[in-house]
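Q: My structure is stored as data-v9.txt, with compact mmCIF, C-alpha atoms.
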```
# COMPACT_ATOMS: atom_id res chain seq x y z
CA MET A 1147 44.24 -147.52 -86.97
CA LYS A 1148 46.36 -147.31 -90.13
CA ASN A 1149 48.79 -144.38 -90.44
CA VAL A 1150 48.38 -142.54 -93.75
CA THR A 1151 50.29 -139.51 -94.96
CA ILE A 1152 48.58 -137.22 -97.45
CA TYR A 1153 49.95 -134.25 -99.37
CA THR A 1154 47.55 -131.96 -101.21
CA ASP A 1155 47.60 -128.88 -103.40
CA GLY A 1156 45.19 -126.82 -105.45
CA ALA A 1157 45.85 -124.49 -108.37
CA CYS A 1158 43.90 -122.01 -110.41
CA SER A 1159 44.66 -120.27 -113.70
CA GLY A 1160 43.09 -116.95 -112.84
CA ASN A 1161 41.13 -116.72 -109.62
CA PRO A 1162 38.40 -117.54 -110.42
CA GLY A 1163 39.23 -119.56 -113.49
CA PRO A 1164 40.08 -123.10 -114.55
CA GLY A 1165 41.35 -125.05 -111.56
CA GLY A 1166 43.05 -128.28 -110.68
CA TRP A 1167 43.84 -130.23 -107.56
CA GLY A 1168 46.34 -132.95 -106.76
CA ALA A 1169 47.05 -135.30 -103.88
CA VAL A 1170 49.57 -137.96 -102.95
CA LEU A 1171 48.52 -140.64 -100.45
CA LEU A 1172 51.23 -142.71 -98.76
CA TYR A 1173 50.66 -145.85 -96.69
CA GLY A 1174 53.61 -148.11 -95.99
CA ASP A 1175 55.16 -148.83 -99.40
CA LYS A 1176 51.93 -147.95 -101.22
CA ARG A 1177 51.53 -144.68 -103.10
CA LEU A 1178 48.47 -143.24 -104.82
CA GLU A 1179 48.50 -140.05 -106.89
CA ILE A 1180 45.15 -138.46 -107.78
CA SER A 1181 44.12 -135.24 -109.48
CA GLY A 1182 41.14 -133.49 -110.98
CA TYR A 1183 39.89 -130.41 -112.80
CA GLU A 1184 37.07 -127.88 -112.64
CA ALA A 1185 36.35 -125.43 -115.46
CA GLU A 1186 35.43 -122.45 -113.25
CA THR A 1187 36.55 -122.32 -109.65
CA THR A 1188 38.89 -120.64 -107.16
CA ASN A 1189 42.23 -121.61 -105.70
CA ASN A 1190 40.70 -122.04 -102.22
CA ARG A 1191 38.03 -124.38 -103.57
CA MET A 1192 40.73 -126.50 -105.23
CA GLU A 1193 42.77 -126.64 -102.00
CA ILE A 1194 39.74 -127.93 -100.07
CA THR A 1195 38.74 -130.29 -102.88
CA ALA A 1196 42.19 -131.90 -102.88
CA ALA A 1197 41.82 -132.74 -99.18
CA ILE A 1198 38.28 -134.04 -99.67
CA GLU A 1199 39.19 -136.26 -102.61
CA ALA A 1200 42.19 -137.69 -100.78
CA ILE A 1201 40.38 -138.43 -97.53
CA GLU A 1202 37.39 -139.89 -99.37
CA ARG A 1203 39.73 -142.52 -100.85
CA LEU A 1204 40.33 -144.00 -97.39
CA ARG A 1205 38.24 -147.15 -96.87
CA VAL A 1206 39.00 -147.84 -93.19
CA ALA A 1207 39.54 -145.61 -90.16
CA CYS A 1208 42.96 -144.01 -90.42
CA ALA A 1209 45.28 -141.74 -88.50
CA VAL A 1210 45.99 -139.17 -91.20
CA THR A 1211 48.72 -136.58 -91.32
CA LEU A 1212 47.71 -134.16 -94.06
CA TYR A 1213 50.26 -131.67 -95.42
CA SER A 1214 49.11 -128.62 -97.37
CA ASP A 1215 50.61 -125.29 -98.35
CA SER A 1216 47.18 -123.67 -97.94
CA ALA A 1217 46.99 -121.58 -94.77
CA TYR A 1218 43.24 -121.25 -95.45
CA LEU A 1219 42.76 -125.02 -95.30
CA VAL A 1220 45.15 -125.85 -92.48
CA HIS A 1221 44.29 -122.90 -90.22
CA ALA A 1222 40.58 -123.68 -90.49
CA PHE A 1223 41.39 -126.70 -88.31
CA THR A 1224 44.53 -125.74 -86.37
CA GLN A 1225 43.22 -122.32 -85.36
CA GLY A 1226 39.66 -123.43 -84.64
CA TRP A 1227 37.97 -121.49 -87.44
CA ILE A 1228 35.85 -124.47 -88.48
CA ASP A 1229 34.54 -124.93 -84.94
CA ASN A 1230 33.63 -121.24 -84.68
CA TRP A 1231 31.95 -121.29 -88.10
CA GLN A 1232 29.79 -124.23 -87.11
CA ARG A 1233 29.01 -122.77 -83.69
CA HIS A 1234 27.83 -119.55 -85.36
CA GLN A 1235 25.77 -121.29 -88.10
CA TRP A 1236 28.44 -120.71 -90.77
CA ILE A 1237 28.62 -116.95 -90.21
CA LYS A 1238 32.08 -115.38 -89.79
CA SER A 1239 32.98 -112.78 -87.19
CA ASP A 1240 32.43 -110.07 -89.82
CA LYS A 1241 28.80 -111.28 -90.04
CA LYS A 1242 29.28 -112.57 -93.60
CA PRO A 1243 28.58 -116.18 -94.61
CA VAL A 1244 31.56 -118.55 -94.71
CA GLU A 1245 32.77 -119.04 -98.27
CA ASN A 1246 32.89 -122.59 -99.59
CA ARG A 1247 30.53 -123.92 -96.93
CA ASP A 1248 29.49 -126.76 -99.24
CA LEU A 1249 33.07 -128.01 -99.40
CA TRP A 1250 33.79 -127.50 -95.71
CA GLU A 1251 30.74 -129.60 -94.85
CA ARG A 1252 31.77 -132.29 -97.34
CA LEU A 1253 35.29 -132.30 -95.85
CA LEU A 1254 33.94 -132.66 -92.32
CA GLY A 1255 31.85 -135.61 -93.51
CA ALA A 1256 34.87 -137.21 -95.18
CA MET A 1257 36.88 -136.85 -91.98
CA GLU A 1258 34.36 -138.76 -89.85
CA GLY A 1259 35.98 -141.86 -88.41
CA HIS A 1260 39.49 -140.62 -89.15
CA ALA A 1261 41.93 -138.83 -86.85
CA VAL A 1262 43.35 -136.02 -89.00
CA THR A 1263 46.39 -133.94 -88.09
CA TRP A 1264 46.85 -130.84 -90.26
CA VAL A 1265 50.34 -129.59 -91.13
CA LYS A 1266 51.13 -126.37 -93.00
CA VAL A 1267 54.11 -126.61 -95.37
CA LYS A 1268 55.78 -123.87 -97.36
CA GLY A 1269 54.55 -123.88 -100.94
CA HIS A 1270 56.90 -124.17 -103.92
CA ALA A 1271 59.81 -124.96 -101.62
CA ALA A 1272 61.97 -128.04 -101.12
CA ASN A 1273 59.12 -130.38 -100.17
CA ARG A 1274 59.19 -133.05 -102.88
CA GLU A 1275 55.67 -134.39 -102.26
CA ASN A 1276 54.09 -130.93 -102.09
CA ASN A 1277 55.82 -130.06 -105.34
CA ARG A 1278 54.46 -133.26 -106.88
CA CYS A 1279 50.94 -132.27 -105.83
CA ASP A 1280 51.45 -128.89 -107.50
CA GLU A 1281 52.52 -130.72 -110.69
CA LEU A 1282 49.40 -132.89 -110.51
CA ALA A 1283 47.11 -129.87 -109.98
CA THR A 1284 48.62 -127.73 -112.74
CA GLY A 1285 48.85 -130.80 -114.96
CA ALA A 1286 45.11 -131.37 -114.61
CA ILE A 1287 44.49 -127.82 -115.85
CA LYS A 1288 46.88 -128.27 -118.78
CA ALA A 1289 45.35 -131.62 -119.73
CA ALA A 1290 41.85 -130.14 -119.70
CA ARG A 1291 42.96 -127.23 -121.88
CA LEU A 1292 44.54 -129.64 -124.36
CA SER A 1293 41.31 -131.63 -124.48
CA GLU A 1294 39.34 -128.43 -125.10
CA LYS A 1295 41.66 -127.48 -127.98
CA GLU A 1296 41.34 -130.97 -129.46
CA ARG A 1297 37.54 -130.73 -129.33
CA GLU A 1298 37.68 -127.33 -131.05
CA GLN A 1299 39.56 -128.91 -133.96
CA ILE A 1300 36.86 -131.52 -134.62
```
Just give me the structure of the file as structure tokens.
A:
Amino acid sequence: MKNVTIYTDGACSGNPGPGGWGAVLLYGDKRLEISGYEAETTNNRMEITAAIEAIERLRVACAVTLYSDSAYLVHAFTQGWIDNWQRHQWIKSDKKPVENRDLWERLLGAMEGHAVTWVKVKGHAANRENNRCDELATGAIKAARLSEKEREQI
């Protein structure tokens, strides 16, 4: 199994509002940076989307160490939330439906065949790769806004 390191981050301008996600995938001396944008979303949706998009890029079974500053994303796996949600048909302990179920299910599908280890990192700290993911996510929002302004001028 190949060892891959992934860093991810999501961002939102307003919550909900325009959102972006970014990821850095590292394998040996190879590096891939990816990002994307959604016009109306939430920060949590962008955090999950970043992980999905990164893991979906993997073409063979990998041992993945995924770093994120999102407690929501990381704790879903490290604290067993995702298992409980599935066991209780996607209903939380407060009897309300799990938010973002569509993305959680897509993420679980993306993870099939991979061994994923989740690591929580401090956001906006000294972690160079996490900071780069933040730049990619916020950059996707800025780029989309610029494109919107350009279209308005036509």
Q: Taking all atoms listed in the file into account, which of A:Ile1194, A:Leu1178, A:Leu1172, A:Cys1158 comes nearest Leu1253 (chain A)?
A: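 The answer is A:Ile1194, which sits nearest to Leu1253 (chain A).
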Q: Can you work out which one of A:Leu1212, A:Ala1222, A:Met1257, A:Leu1171 has the shortest atom-to-atom distance to Arg1278 (chain A), counting all atoms listed in the file?
A: A:Leu1171
Q: Can you work out the spacing between CA of Thr1188 (chain A) and CA of Gly1160 (chain A) in Å, to one decimal?
A: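 Between CA of Thr1188 (chain A) and CA of Gly1160 (chain A) the gap works out to 8.0 Å.
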Q: So, counting all atoms listed in the file, which residue among A:Met1147, A:Ala1256, A:Ile1180, A:Ala1272 is closest to Ile1198 (chain A)?
A: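 Ranking A:Met1147, A:Ala1256, A:Ile1180, A:Ala1272 by distance to Ile1198 (chain A), first place goes to A:Ala1256.
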Q: Region 1231-1248 of chain A: which residues within 12 Å, counting all atoms listed in the file, same-chain residues fewer than 2 positions away excluded, as a list in words?
A: Thr1187, Thr1188, Asn1189, Asn1190, Arg1191, Met1192, Glu1193, Ile1194, Thr1195, Ile1198, Tyr1218, Leu1219, Ala1222, Phe1223, Gln1225, Gly1226, Trp1227, Ile1228, Asp1229, Trp1250, Glu1251, Arg1252, Leu1253, Leu1254 and Gly1255 of chain A
Q: What would the list of residues within 6 Å of (37.7, -121.0, -110.1) (file frame) look like as a list in words, if all atoms listed in the file are what count?
A: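 Checking each residue against the 6 Å limit leaves Asn1161, Pro1162, Gly1163, Pro1164, Gly1165, Glu1186, Thr1187 and Thr1188 of chain A.
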Q: Using Å and a single decimal, report how far CA of Val1170 (chain A) sits from CA of Tyr1183 (chain A).
A: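 Computed distance, CA of Tyr1183 (chain A) to CA of Val1170 (chain A), equals 15.7 Å.
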Q: Enter the distance from CA of Asn1273 (chain A) to CA of Thr1154 (chain A), in Å, rounded to one decimal.
A: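 Separating CA of Asn1273 (chain A) from CA of Thr1154 (chain A) is a distance of 11.7 Å.
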Q: Using all atoms listed in the file, pick whichever of A:His1221, A:His1260, A:Lys1288, A:Arg1203 has the shortest atom-to-atom distance to Lys1148 (chain A).
A: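 Distance minimum relative to Lys1148 (chain A) lands on A:His1260.
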Q: Output as CSV one row per residue of region 1214-1237 of chain A within 6 Å of region 1263-1271 of chain A: the closest atom pair and its distance in Å to one decimal place, counting all atoms listed in the file, sorted by chain and residue number ascending.
A:
```
residue,atom,partner,partner_atom,distance
A:Ser1214,CA,A:Lys1266,CA,5.3
A:Asp1215,CA,A:Val1267,CA,4.8
A:Val1220,CA,A:Trp1264,CA,5.7
```
Q: Would you please work out which residue, of A:Ile1152, A:Ala1261, A:Ala1217, A:Cys1279, is nearest to Ala1197 (chain A) when using all atoms listed in the file?
A: A:Ile1152
Q: Please identify all polymer residues within 12 Å of Glu1258 (chain A), counting all atoms listed in the file, omitting same-chain residues fewer than 6 positions from it, and present them as a list in words.
A: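 Residues near the query, excluding close chain neighbours: Ile1198, Ile1201, Glu1202, Leu1204, Arg1205, Val1206, Ala1207, Cys1208, Ala1209, Val1210, Glu1251 and Arg1252 of chain A.
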Q: Could you pull the residues within 10 Å of Glu1281 (chain A), counting all atoms listed in the file, minus those fewer than 6 positions along the same chain, as a PDB file with C-alpha atoms, keeping the file's coordinate frame?
A:
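The resulting file, selection-v9.pdb, is reproduced below:
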```pdb
ATOM      1  CA  ASP A1155      47.600-128.880-103.400  1.00  0.00           C
ATOM      2  CA  GLY A1156      45.190-126.820-105.450  1.00  0.00           C
ATOM      3  CA  ALA A1157      45.850-124.490-108.370  1.00  0.00           C
ATOM      4  CA  GLY A1166      43.050-128.280-110.680  1.00  0.00           C
ATOM      5  CA  TRP A1167      43.840-130.230-107.560  1.00  0.00           C
ATOM      6  CA  GLY A1168      46.340-132.950-106.760  1.00  0.00           C
ATOM      7  CA  ALA A1169      47.050-135.300-103.880  1.00  0.00           C
ATOM      8  CA  SER A1181      44.120-135.240-109.480  1.00  0.00           C
ATOM      9  CA  GLU A1275      55.670-134.390-102.260  1.00  0.00           C
ATOM     10  CA  ILE A1287      44.490-127.820-115.850  1.00  0.00           C
TER      11      ILE A1287
END
```
